[in-house]
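Okay, so here's the structure we're looking at.
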Amino acid sequence: MECKICRHETEFLWKTRILDKYDIAYYKCPFCSFIQTESAYWLAEVYAGAITVTDIGYVTRNILYSGWVDRIARLSFPDVRRFLDYGGGYGLFVRLMRDRGFDFYRQDLYCENIFARGFDVEDLRLGGDEERFGLLTSFEVFEHLDDPRTELDRMFGYADSILFSTELQPRQPLKDVKDWWYFAPHTGQHIALYGLRTLRTIAEIYGCHLYSDGRNLHMLTRRRLSFNSVKWVSLVGRVTDKVLGRHFQDKRSLLTRDLQRISQGG
(Lines give C-alpha, C1' and ligand atoms only; values in the text may rest on other atoms or scores of the structure.)
Protein backbone atom coordinates (compact mmCIF):
# COMPACT_ATOMS: atom_id res chain seq x y z
CA MET A 1 0.00 0.00 0.00
CA GLU A 2 1.37 3.43 -0.96
CA CYS A 3 2.12 5.96 1.78
CA LYS A 4 -0.33 8.86 1.60
CA ILE A 5 2.41 11.31 2.61
CA CYS A 6 5.63 10.46 0.76
CA ARG A 7 4.29 7.89 -1.77
CA HIS A 8 6.76 5.18 -0.72
CA GLU A 9 5.57 1.61 -0.23
CA THR A 10 4.30 0.93 3.29
CA GLU A 11 4.71 -2.15 5.47
CA PHE A 12 1.86 -4.09 7.06
CA LEU A 13 1.64 -3.64 10.85
CA TRP A 14 -1.38 -5.60 12.09
CA LYS A 15 -5.11 -6.01 11.91
CA THR A 16 -7.45 -4.88 14.64
CA ARG A 17 -11.17 -4.53 15.24
CA ILE A 18 -12.70 -1.06 15.11
CA LEU A 19 -16.22 -0.01 16.05
CA ASP A 20 -16.54 -3.49 17.53
CA LYS A 21 -17.37 -4.94 14.11
CA TYR A 22 -14.77 -4.28 11.37
CA ASP A 23 -11.36 -5.96 11.20
CA ILE A 24 -9.09 -3.49 9.44
CA ALA A 25 -5.38 -3.32 8.62
CA TYR A 26 -2.78 -0.69 9.64
CA TYR A 27 0.32 0.10 7.60
CA LYS A 28 3.49 2.06 8.39
CA CYS A 29 5.84 3.84 6.01
CA PRO A 30 9.50 2.90 6.63
CA PHE A 31 10.62 6.18 5.03
CA CYS A 32 8.55 8.84 6.86
CA SER A 33 7.02 6.80 9.74
CA PHE A 34 3.43 7.68 8.78
CA ILE A 35 0.84 5.13 9.95
CA GLN A 36 -2.38 4.75 7.97
CA THR A 37 -5.26 2.34 7.84
CA GLU A 38 -6.49 0.49 4.79
CA SER A 39 -9.00 2.37 2.65
CA ALA A 40 -11.41 3.79 5.24
CA TYR A 41 -14.74 2.54 3.89
CA TRP A 42 -16.40 3.03 7.31
CA LEU A 43 -16.03 6.82 7.51
CA ALA A 44 -19.55 7.66 6.35
CA GLU A 45 -20.84 5.58 9.23
CA VAL A 46 -18.65 7.11 11.95
CA TYR A 47 -19.34 10.67 10.80
CA ALA A 48 -23.09 10.35 11.02
CA GLY A 49 -22.38 12.57 14.03
CA ALA A 50 -19.50 15.00 13.47
CA ILE A 51 -18.27 15.00 17.10
CA THR A 52 -17.94 11.52 18.57
CA VAL A 53 -19.57 10.80 21.94
CA THR A 54 -16.15 9.95 23.41
CA ASP A 55 -14.70 13.38 22.60
CA ILE A 56 -15.54 14.66 26.04
CA GLY A 57 -12.40 16.82 26.08
CA TYR A 58 -13.85 19.11 23.41
CA VAL A 59 -14.60 22.08 25.69
CA THR A 60 -11.43 21.86 27.79
CA ARG A 61 -9.28 21.47 24.66
CA ASN A 62 -10.76 24.56 23.01
CA ILE A 63 -10.29 26.67 26.13
CA LEU A 64 -6.69 25.46 26.46
CA TYR A 65 -5.78 26.08 22.82
CA SER A 66 -7.41 29.51 22.76
CA GLY A 67 -4.88 30.64 25.35
CA TRP A 68 -1.96 29.04 23.56
CA VAL A 69 -2.92 30.45 20.15
CA ASP A 70 -3.36 33.89 21.71
CA ARG A 71 0.27 33.82 22.87
CA ILE A 72 1.69 32.30 19.67
CA ALA A 73 -0.15 34.83 17.51
CA ARG A 74 1.13 37.74 19.58
CA LEU A 75 4.71 36.41 19.60
CA SER A 76 5.14 35.21 16.01
CA PHE A 77 2.27 36.74 14.01
CA PRO A 78 1.75 40.26 15.40
CA ASP A 79 1.12 41.59 11.88
CA VAL A 80 -1.67 39.11 11.08
CA ARG A 81 -5.18 40.54 11.03
CA ARG A 82 -7.35 37.60 9.92
CA PHE A 83 -7.30 33.93 10.96
CA LEU A 84 -9.07 30.72 9.94
CA ASP A 85 -9.92 27.66 12.03
CA TYR A 86 -10.02 24.70 9.63
CA GLY A 87 -12.32 21.85 10.62
CA GLY A 88 -13.70 24.19 13.27
CA GLY A 89 -16.44 21.92 14.62
CA TYR A 90 -19.18 23.70 16.53
CA GLY A 91 -17.34 27.02 16.30
CA LEU A 92 -16.42 27.20 19.98
CA PHE A 93 -12.76 27.94 19.30
CA VAL A 94 -13.62 30.70 16.82
CA ARG A 95 -15.96 32.28 19.35
CA LEU A 96 -13.30 32.11 22.08
CA MET A 97 -10.69 33.72 19.82
CA ARG A 98 -13.05 36.44 18.66
CA ASP A 99 -13.82 37.14 22.32
CA ARG A 100 -10.06 37.63 22.76
CA GLY A 101 -9.97 40.16 19.93
CA PHE A 102 -8.70 37.99 17.05
CA ASP A 103 -10.59 38.16 13.73
CA PHE A 104 -11.14 34.41 13.42
CA TYR A 105 -13.40 32.57 10.95
CA ARG A 106 -14.48 28.95 10.74
CA GLN A 107 -14.33 26.31 7.99
CA ASP A 108 -16.04 22.93 8.39
CA LEU A 109 -17.94 20.95 5.77
CA TYR A 110 -19.35 18.37 8.15
CA CYS A 111 -20.32 20.02 11.41
CA GLU A 112 -23.01 22.54 12.34
CA ASN A 113 -21.77 25.97 13.39
CA ILE A 114 -23.38 26.61 16.77
CA PHE A 115 -21.17 29.13 18.57
CA ALA A 116 -19.79 31.26 15.72
CA ARG A 117 -22.70 31.78 13.35
CA GLY A 118 -22.04 34.53 10.83
CA PHE A 119 -18.30 33.87 10.91
CA ASP A 120 -17.88 30.96 8.50
CA VAL A 121 -15.33 31.45 5.73
CA GLU A 122 -18.23 31.69 3.27
CA ASP A 123 -19.57 34.71 5.17
CA LEU A 124 -16.56 36.78 4.13
CA ARG A 125 -17.57 36.83 0.46
CA LEU A 126 -14.17 38.04 -0.66
CA GLY A 127 -12.28 37.32 -3.83
CA GLY A 128 -8.73 36.76 -5.06
CA ASP A 129 -5.91 37.36 -2.59
CA GLU A 130 -8.41 38.74 -0.09
CA GLU A 131 -9.44 35.14 0.65
CA ARG A 132 -6.01 34.44 2.13
CA PHE A 133 -5.45 34.30 5.88
CA GLY A 134 -2.37 35.11 7.93
CA LEU A 135 -2.62 31.97 10.07
CA LEU A 136 -4.71 28.80 9.83
CA THR A 137 -5.39 26.64 12.89
CA SER A 138 -6.58 23.04 12.80
CA PHE A 139 -6.99 21.15 16.06
CA GLU A 140 -7.55 17.39 16.30
CA VAL A 141 -8.16 17.18 12.56
CA PHE A 142 -5.01 15.69 11.00
CA GLU A 143 -5.56 12.22 12.45
CA HIS A 144 -8.98 12.10 10.74
CA LEU A 145 -7.71 12.83 7.22
CA ASP A 146 -8.24 10.11 4.64
CA ASP A 147 -6.18 12.08 2.10
CA PRO A 148 -3.74 14.31 4.04
CA ARG A 149 -1.95 15.73 0.99
CA THR A 150 -5.19 16.95 -0.59
CA GLU A 151 -6.25 18.59 2.67
CA LEU A 152 -2.83 20.17 3.10
CA ASP A 153 -3.13 21.59 -0.42
CA ARG A 154 -6.42 23.18 0.63
CA MET A 155 -4.99 24.50 3.89
CA PHE A 156 -1.99 26.09 2.18
CA GLY A 157 -4.45 27.54 -0.31
CA TYR A 158 -5.88 29.53 2.60
CA ALA A 159 -2.67 30.45 4.45
CA ASP A 160 1.11 30.08 4.43
CA SER A 161 1.17 29.09 8.11
CA ILE A 162 -0.68 26.14 9.67
CA LEU A 163 -0.81 25.69 13.45
CA PHE A 164 -2.29 22.31 14.35
CA SER A 165 -2.53 19.60 16.97
CA THR A 166 -2.15 15.86 16.66
CA GLU A 167 -0.45 13.41 19.01
CA LEU A 168 2.92 12.20 17.77
CA GLN A 169 3.74 8.50 17.82
CA PRO A 170 5.50 7.41 21.02
CA ARG A 171 9.23 6.73 20.91
CA GLN A 172 8.95 3.11 21.98
CA PRO A 173 8.13 0.57 19.22
CA LEU A 174 4.44 -0.14 18.72
CA LYS A 175 3.64 -3.84 18.62
CA ASP A 176 -0.14 -3.63 18.86
CA VAL A 177 -2.96 -1.11 18.69
CA LYS A 178 -3.23 -1.40 22.49
CA ASP A 179 0.25 0.09 22.88
CA TRP A 180 -1.00 3.61 22.14
CA TRP A 181 -4.32 5.12 23.22
CA TYR A 182 -4.41 7.49 20.24
CA PHE A 183 -5.34 4.71 17.82
CA ALA A 184 -8.83 4.96 19.40
CA PRO A 185 -10.27 1.90 17.58
CA HIS A 186 -13.60 2.30 19.38
CA THR A 187 -14.29 5.46 17.31
CA GLY A 188 -12.87 4.36 13.94
CA GLN A 189 -11.90 7.98 13.26
CA HIS A 190 -8.12 8.02 13.78
CA ILE A 191 -6.92 6.77 10.43
CA ALA A 192 -3.75 8.89 9.96
CA LEU A 193 -1.04 8.90 12.63
CA TYR A 194 2.14 10.95 12.46
CA GLY A 195 5.66 10.86 13.82
CA LEU A 196 8.09 13.77 13.99
CA ARG A 197 9.79 12.37 10.87
CA THR A 198 6.41 12.47 9.10
CA LEU A 199 6.02 16.17 9.86
CA ARG A 200 9.58 16.89 8.70
CA THR A 201 8.79 15.10 5.44
CA ILE A 202 5.65 17.18 5.00
CA ALA A 203 7.68 20.35 5.60
CA GLU A 204 10.12 19.29 2.86
CA ILE A 205 7.31 18.51 0.42
CA TYR A 206 5.65 21.91 0.94
CA GLY A 207 8.85 23.93 1.19
CA CYS A 208 8.19 25.23 4.68
CA HIS A 209 9.60 25.22 8.20
CA LEU A 210 8.44 22.95 11.02
CA TYR A 211 8.12 24.16 14.60
CA SER A 212 6.87 21.60 17.13
CA ASP A 213 6.72 20.97 20.85
CA GLY A 214 7.60 17.34 20.07
CA ARG A 215 4.31 16.13 21.50
CA ASN A 216 1.03 17.34 20.06
CA LEU A 217 1.31 21.00 18.97
CA HIS A 218 2.99 21.83 15.66
CA MET A 219 3.34 24.52 13.02
CA LEU A 220 4.13 24.32 9.32
CA THR A 221 4.98 27.77 8.01
CA ARG A 222 6.74 29.44 5.11
CA ARG A 223 7.92 32.09 7.57
CA ARG A 224 11.23 31.67 9.33
CA LEU A 225 10.49 32.41 12.98
CA SER A 226 13.08 33.96 15.27
CA PHE A 227 12.39 31.24 17.85
CA ASN A 228 10.13 28.23 18.36
CA SER A 229 7.14 29.95 19.94
CA VAL A 230 5.12 26.72 19.65
CA LYS A 231 7.49 24.83 21.93
CA TRP A 232 7.87 27.75 24.32
CA VAL A 233 4.14 28.40 24.72
CA SER A 234 3.38 24.69 25.10
CA LEU A 235 6.07 24.26 27.76
CA VAL A 236 5.00 27.31 29.74
CA GLY A 237 1.35 26.23 29.51
CA ARG A 238 2.03 22.71 30.74
CA VAL A 239 4.19 23.90 33.64
CA THR A 240 1.58 26.47 34.64
CA ASP A 241 -1.24 23.93 34.50
CA LYS A 242 0.77 21.46 36.56
CA VAL A 243 1.53 24.05 39.23
CA LEU A 244 -2.04 25.27 39.38
CA GLY A 245 -3.37 21.73 39.45
CA ARG A 246 -1.08 20.74 42.27
CA HIS A 247 -1.66 23.73 44.51
CA PHE A 248 -5.01 25.33 43.76
CA GLN A 249 -7.48 22.66 42.70
CA ASP A 250 -9.28 20.57 45.29
CA LYS A 251 -10.59 17.95 42.85
CA ARG A 252 -9.01 15.99 40.03
CA SER A 253 -10.70 16.09 36.64
CA LEU A 254 -13.17 13.29 35.96
CA LEU A 255 -12.43 13.40 32.21
CA THR A 256 -10.32 10.22 32.11
CA ARG A 257 -12.79 8.25 34.23
CA ASP A 258 -15.73 9.53 32.16
CA LEU A 259 -13.99 8.50 28.93
CA GLN A 260 -13.46 4.97 30.25
CA ARG A 261 -17.08 4.74 31.29
CA ILE A 262 -18.40 5.94 27.92
CA SER A 263 -16.00 3.73 25.93
CA GLN A 264 -17.07 0.67 27.90
CA GLY A 265 -20.73 1.51 27.49
CA GLY A 266 -21.27 1.82 31.22
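Following the order of the C-alpha coordinates, chains are lettered A, B, ..., residues in each are numbered from 1, and ligands are numbered from 1.
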
For Ile5 of chain A: contacts at 8 Å, only C-alpha atoms, fewer than 3 positions along chain excluded, given as JSON, numbers by chain: {"A": [32, 34, 148, 149, 198, 201, 202]}

Segment 43-48 of chain A environment, 10 Å, only C-alpha atoms, sequence neighbours closer than 3 positions dropped, as a PyMOL selection string: chain A and resi 19+39-40+51-52+110-111+144+146+187-189+191

Tyr90 of chain A environment, 10 Å, only C-alpha atoms, sequence neighbours closer than 6 positions dropped, as a ChimeraX atom specification: /A:50-51,58,106,108,110-117

Atom pair atom CA of Leu163 of chain A / atom CA of Arg125 of chain A: separation (Å):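 The value is 24.0 Å.
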
Residues near Gly101 of chain A, cut-off 10 Å, only C-alpha atoms, skip fewer than 5 positions along chain, as number ranges by chain: A: 70, 95-96

Selection near Leu124 of chain A, 12 Å with only C-alpha atoms, sequence-local residues under 6 positions removed, as a list in words: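 Within the cut-off, the hits are Arg82, Phe83, Leu84, Asp103, Phe104, Tyr105, Arg106, Gln107, Gly118, Glu130, Glu131, Arg132 and Phe133 of chain A.
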
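For the set A:Asp85, A:Glu122, A:Asp99, A:Glu140, the residue with the smallest atom-to-atom gap to Leu168 of chain A is A:Glu140, counting only C-alpha atoms.
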
Compile the contact shell of Leu235 of chain A as a short mmCIF file (atom, residue, chain, number, x, y, z; two decimals) with N, CA and C atoms, in the first residue's frame: residues with an atom at most 12 Å away, counting only C-alpha atoms, same-chain residues fewer than 3 positions apart removed.
data_model
loop_
_atom_site.label_atom_id
_atom_site.label_comp_id
_atom_site.auth_asym_id
_atom_site.auth_seq_id
_atom_site.Cartn_x
_atom_site.Cartn_y
_atom_site.Cartn_z
N TRP A 68 -3.24 29.28 24.22
CA TRP A 68 -1.96 29.04 23.56
C TRP A 68 -1.86 29.79 22.24
N SER A 212 7.69 22.56 16.39
CA SER A 212 6.87 21.60 17.13
C SER A 212 7.29 21.56 18.59
N ASP A 213 6.35 21.19 19.45
CA ASP A 213 6.72 20.97 20.85
C ASP A 213 7.16 19.52 21.08
N GLY A 214 7.17 18.73 19.99
CA GLY A 214 7.60 17.34 20.07
C GLY A 214 6.56 16.41 20.65
N ARG A 215 5.37 16.95 20.90
CA ARG A 215 4.31 16.13 21.50
C ARG A 215 3.03 16.19 20.68
N ASN A 216 2.32 17.29 20.78
CA ASN A 216 1.03 17.34 20.06
C ASN A 216 0.69 18.70 19.46
N LEU A 217 1.58 19.68 19.55
CA LEU A 217 1.31 21.00 18.97
C LEU A 217 2.42 21.32 17.97
N ASN A 228 11.23 29.19 18.41
CA ASN A 228 10.13 28.23 18.36
C ASN A 228 9.07 28.60 19.40
N SER A 229 8.18 29.50 19.01
CA SER A 229 7.14 29.95 19.94
C SER A 229 6.17 28.83 20.28
N VAL A 230 6.01 27.86 19.39
CA VAL A 230 5.12 26.72 19.65
C VAL A 230 5.62 25.92 20.84
N LYS A 231 6.91 25.60 20.83
CA LYS A 231 7.49 24.83 21.93
C LYS A 231 7.48 25.63 23.22
N TRP A 232 7.80 26.91 23.13
CA TRP A 232 7.87 27.75 24.32
C TRP A 232 6.50 27.90 24.98
N ARG A 238 2.07 23.97 30.00
CA ARG A 238 2.03 22.71 30.74
C ARG A 238 2.56 22.89 32.17
N VAL A 239 3.64 23.66 32.30
CA VAL A 239 4.19 23.90 33.64
C VAL A 239 3.18 24.66 34.50
N THR A 240 2.57 25.68 33.91
CA THR A 240 1.58 26.47 34.64
C THR A 240 0.41 25.61 35.09
N ASP A 241 -0.11 24.79 34.16
CA ASP A 241 -1.24 23.93 34.50
C ASP A 241 -0.88 22.94 35.60
N LYS A 242 0.35 22.43 35.55
CA LYS A 242 0.77 21.46 36.56
C LYS A 242 0.86 22.13 37.93
#

Residues flagged strand (DSSP E or B) by DSSP in segment 84-129 of chain A, as a PyMOL selection string: chain A and resi 84-86+104-107+120

Quick one: write out the picked residues with N, CA and C atoms as an mmCIF file, in the first residue's frame?
data_model
loop_
_atom_site.group_PDB
_atom_site.id
_atom_site.type_symbol
_atom_site.label_atom_id
_atom_site.label_comp_id
_atom_site.auth_asym_id
_atom_site.auth_seq_id
_atom_site.Cartn_x
_atom_site.Cartn_y
_atom_site.Cartn_z
ATOM 1 N N LEU A 84 -8.072 31.726 10.321
ATOM 2 C CA LEU A 84 -9.070 30.721 9.944
ATOM 3 C C LEU A 84 -8.873 29.460 10.772
ATOM 4 N N ASP A 85 -9.951 28.945 11.342
ATOM 5 C CA ASP A 85 -9.922 27.661 12.033
ATOM 6 C C ASP A 85 -10.509 26.615 11.095
ATOM 7 N N TYR A 86 -9.665 25.696 10.643
ATOM 8 C CA TYR A 86 -10.021 24.698 9.628
ATOM 9 C C TYR A 86 -10.512 23.430 10.311
ATOM 10 N N PHE A 104 -11.137 35.809 13.822
ATOM 11 C CA PHE A 104 -11.141 34.408 13.416
ATOM 12 C C PHE A 104 -12.417 34.055 12.656
ATOM 13 N N TYR A 105 -12.261 33.118 11.682
ATOM 14 C CA TYR A 105 -13.397 32.569 10.950
ATOM 15 C C TYR A 105 -13.295 31.048 10.976
ATOM 16 N N ARG A 106 -14.366 30.404 10.628
ATOM 17 C CA ARG A 106 -14.482 28.953 10.738
ATOM 18 C C ARG A 106 -14.694 28.315 9.377
ATOM 19 N N GLN A 107 -14.082 27.130 9.172
ATOM 20 C CA GLN A 107 -14.334 26.310 7.992
ATOM 21 C C GLN A 107 -14.606 24.897 8.461
ATOM 22 N N ASP A 120 -18.437 31.992 9.362
ATOM 23 C CA ASP A 120 -17.875 30.958 8.505
ATOM 24 C C ASP A 120 -17.078 31.626 7.396
#

Residue with smallest distance to His209 of chain A - pool A:Ser161, A:Gln172, A:Thr10, A:His186, counting only C-alpha atoms: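 Looking at the shortest contact to His209 of chain A, the residue is A:Ser161.
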
Between atom CA of Cys6 of chain A and atom CA of Leu145 of chain A, distance in Å (one decimal): 15.0 Å

Distance in Å - atom CA of Ala203 of chain A versus atom CA of Ala25 of chain A: 27.2 Å

DSSP helix (DSSP H, G or I) residues within segment 26-260 of chain A, listed as a VMD selection string: chain A and resid 43 to 46 58 to 76 92 to 99 121 to 123 128 to 131 142 to 144 148 to 158 177 to 179 181 to 183 196 to 205 229 to 247 255 to 260

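Across A:Tyr41, A:Phe183, A:Phe119, A:Phe139, the tightest approach to Tyr22 of chain A is made by A:Tyr41 when counting only C-alpha atoms.
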
Counting only C-alpha atoms, the option among A:Arg200, A:Lys178, A:Arg224, A:Arg61 closest to Ser165 of chain A: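 Ranking A:Arg200, A:Lys178, A:Arg224, A:Arg61 by distance to Ser165 of chain A, first place goes to A:Arg61.
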
Option closest in space to Ala159 of chain A, from A:Ile35, A:Leu136, A:Cys208, A:Leu75 [counting only C-alpha atoms]: A:Leu136
